[in-house]
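What follows is a short report on a single structure.
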Amino acid sequence: MNIYKQLNEIIEYIENNLEEKIDNKELAKMIGVNEYTFRKIFSVICNISISEYVRNRRLSNAGEELFINNEKIIDVAIKYQYNNSISFSRAFEKFHGIKPSQVKKKPDKLKIYTKLHFNEERELNKNIEYKIIEKEKMILYGTYKSTTNEEIEQDAPKFFKEIEKKYNQKPVYGMVEYKDKERLHIKAYWILYEEEKEELIKKIIPKSKYIQIRIDSHRANEIQKVSKMFYTDFLPSCKYNFRDLPEIEFYHDEITDFLVPIEN
């Protein structure tokens, strides 16, 4: 089945259940993947996490109902799965920029977050060459540079060269650390070695199978191009379930292996 058709069905399910508890595991079953893979696919395609999307739709509807239906704040809060009016009011103000009690006086401030809809005719690029490998538990030693989604393209290659110069040895692995479990917002870029070195932090990567995509270069722009293609074009059509482990760049022999952890 087309992934975009499946996502449209999920959006309709969410829309019909905004007043109920929504279980991501049940949403994942609708497209035949595990919860982690589902969250990853959704965030990559929609550029928003599933939890944030549901929250935005609830708060958008809540604003309309407070203005049109004259409902009590606590009733709307409970209706949209908030335990109390305090947590609801805090989330409401963060989303709309006004308190629920100000809706009647400042209706022009209300924000409308529309329901998502996907073009089911869109074609995905499935022509990425890859193979499945298994790597034993890795004990690595590294350091990191704080960065963001916008800055990593410049920060990563610069930091790579700085660490290579400092230790007079090319790094063996690169790794991106994220702020959130959906891996939407980058927190830091890691450089890692197999040998222990002064001031480096010990990192343990469990044994896992990986999708290995080979890039005939160490050039940052080439690695970033393939990584982006994997997430936007290949991931939504991929038949594997992913593990909640970091993706790794393995630098060797003038090539880079982009490694994405999958379940056995």
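Residue names in the structure tokens use chain letters A, B, ... in the order shown, residue numbers from 1 in each chain, and ligand numbers from 1 in the order shown.
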
Residues flagged strand (DSSP E) by DSSP in segment 65-169 of chain A, as a PyMOL selection string: chain A and resi 131-135+138-146

Write out the residues from the selection above, keeping N, CA, C and O atoms, as a compact mmCIF listing (two decimals), in the first residue's frame.
# COMPACT_ATOMS: atom_id res chain seq x y z
N LYS A 131 23.11 -2.90 1.83
CA LYS A 131 23.14 -4.28 2.26
C LYS A 131 22.99 -4.32 3.77
O LYS A 131 23.16 -3.30 4.46
N ILE A 132 22.66 -5.49 4.30
CA ILE A 132 22.47 -5.66 5.74
C ILE A 132 23.73 -6.28 6.34
O ILE A 132 24.23 -7.29 5.84
N ILE A 133 24.24 -5.64 7.37
CA ILE A 133 25.42 -6.15 8.06
C ILE A 133 25.12 -6.25 9.55
O ILE A 133 24.11 -5.71 10.03
N GLU A 134 25.98 -6.92 10.27
CA GLU A 134 25.87 -6.99 11.73
C GLU A 134 27.19 -6.57 12.35
O GLU A 134 28.25 -6.99 11.89
N LYS A 135 27.11 -5.74 13.36
CA LYS A 135 28.32 -5.30 14.06
C LYS A 135 28.20 -5.68 15.53
O LYS A 135 27.14 -5.53 16.15
N MET A 138 30.27 -2.17 20.19
CA MET A 138 31.42 -1.30 19.99
C MET A 138 31.67 -0.43 21.23
O MET A 138 30.72 0.17 21.76
N ILE A 139 32.90 -0.40 21.68
CA ILE A 139 33.31 0.51 22.75
C ILE A 139 34.15 1.60 22.09
O ILE A 139 35.25 1.34 21.60
N LEU A 140 33.61 2.80 22.06
CA LEU A 140 34.25 3.90 21.35
C LEU A 140 34.55 5.05 22.31
O LEU A 140 34.01 5.11 23.42
N TYR A 141 35.42 5.95 21.84
CA TYR A 141 35.84 7.09 22.66
C TYR A 141 35.74 8.35 21.80
O TYR A 141 36.28 8.40 20.70
N GLY A 142 35.00 9.33 22.31
CA GLY A 142 34.77 10.48 21.46
C GLY A 142 34.55 11.79 22.18
O GLY A 142 34.57 11.88 23.41
N THR A 143 34.30 12.80 21.37
CA THR A 143 33.97 14.13 21.86
C THR A 143 32.94 14.72 20.92
O THR A 143 32.68 14.18 19.85
N TYR A 144 32.35 15.82 21.33
CA TYR A 144 31.24 16.34 20.54
C TYR A 144 31.27 17.86 20.47
O TYR A 144 31.92 18.54 21.26
N LYS A 145 30.51 18.36 19.50
CA LYS A 145 30.31 19.81 19.37
C LYS A 145 28.81 20.06 19.31
O LYS A 145 28.10 19.45 18.51
N SER A 146 28.33 20.94 20.17
CA SER A 146 26.91 21.30 20.14
C SER A 146 26.60 22.00 18.82
O SER A 146 27.38 22.85 18.35

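Non-sequential neighbours of Leu7 of chain A (distance at most 9 Å, separation of 3 or more positions within a chain, only C-alpha atoms) are A:Asn2, A:Ile3, A:Tyr4, A:Ile10, A:Ile11, A:Glu12, A:Met30, A:Ile31, A:Phe42, A:His117, A:Phe118.
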
Writing out the chosen residues with N, CA and C atoms as a short mmCIF file (atom, residue, chain, number, x, y, z; two decimals), in the first residue's frame:
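New file selection.cif:
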data_model
loop_
_atom_site.label_atom_id
_atom_site.label_comp_id
_atom_site.auth_asym_id
_atom_site.auth_seq_id
_atom_site.Cartn_x
_atom_site.Cartn_y
_atom_site.Cartn_z
N ASN A 2 0.43 2.29 -0.67
CA ASN A 2 1.14 3.56 -0.72
C ASN A 2 1.24 4.16 0.68
N ILE A 3 2.46 4.55 1.09
CA ILE A 3 2.68 5.08 2.44
C ILE A 3 1.86 6.34 2.68
N TYR A 4 1.66 7.15 1.63
CA TYR A 4 0.92 8.40 1.81
C TYR A 4 -0.58 8.14 1.99
N ILE A 10 -4.24 7.32 8.81
CA ILE A 10 -3.85 7.59 10.19
C ILE A 10 -4.32 8.98 10.63
N ILE A 11 -4.18 9.96 9.75
CA ILE A 11 -4.63 11.32 10.06
C ILE A 11 -6.13 11.33 10.33
N GLU A 12 -6.89 10.59 9.53
CA GLU A 12 -8.35 10.52 9.74
C GLU A 12 -8.66 9.85 11.07
N MET A 30 -1.14 0.19 12.02
CA MET A 30 -1.90 0.52 10.82
C MET A 30 -1.02 0.52 9.58
N ILE A 31 0.30 0.72 9.75
CA ILE A 31 1.20 0.64 8.60
C ILE A 31 2.20 -0.50 8.73
N PHE A 42 6.91 9.32 10.43
CA PHE A 42 6.00 10.46 10.54
C PHE A 42 6.77 11.77 10.66
N HIS A 117 -2.76 16.58 5.12
CA HIS A 117 -3.24 15.71 4.03
C HIS A 117 -2.07 15.48 3.08
N PHE A 118 -1.94 14.23 2.61
CA PHE A 118 -0.80 13.85 1.78
C PHE A 118 -1.23 13.55 0.35
#

Pick from A:Glu162, A:Glu52, A:Glu249, A:Glu136 nearest to Tyr113 of chain A, counting only C-alpha atoms: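 Result for the nearest residue to Tyr113 of chain A: A:Glu52.
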
Distance criterion (only C-alpha atoms): nearest to Glu254 of chain A out of A:Val172, A:Ser87, A:Phe230, A:Ile186: A:Val172
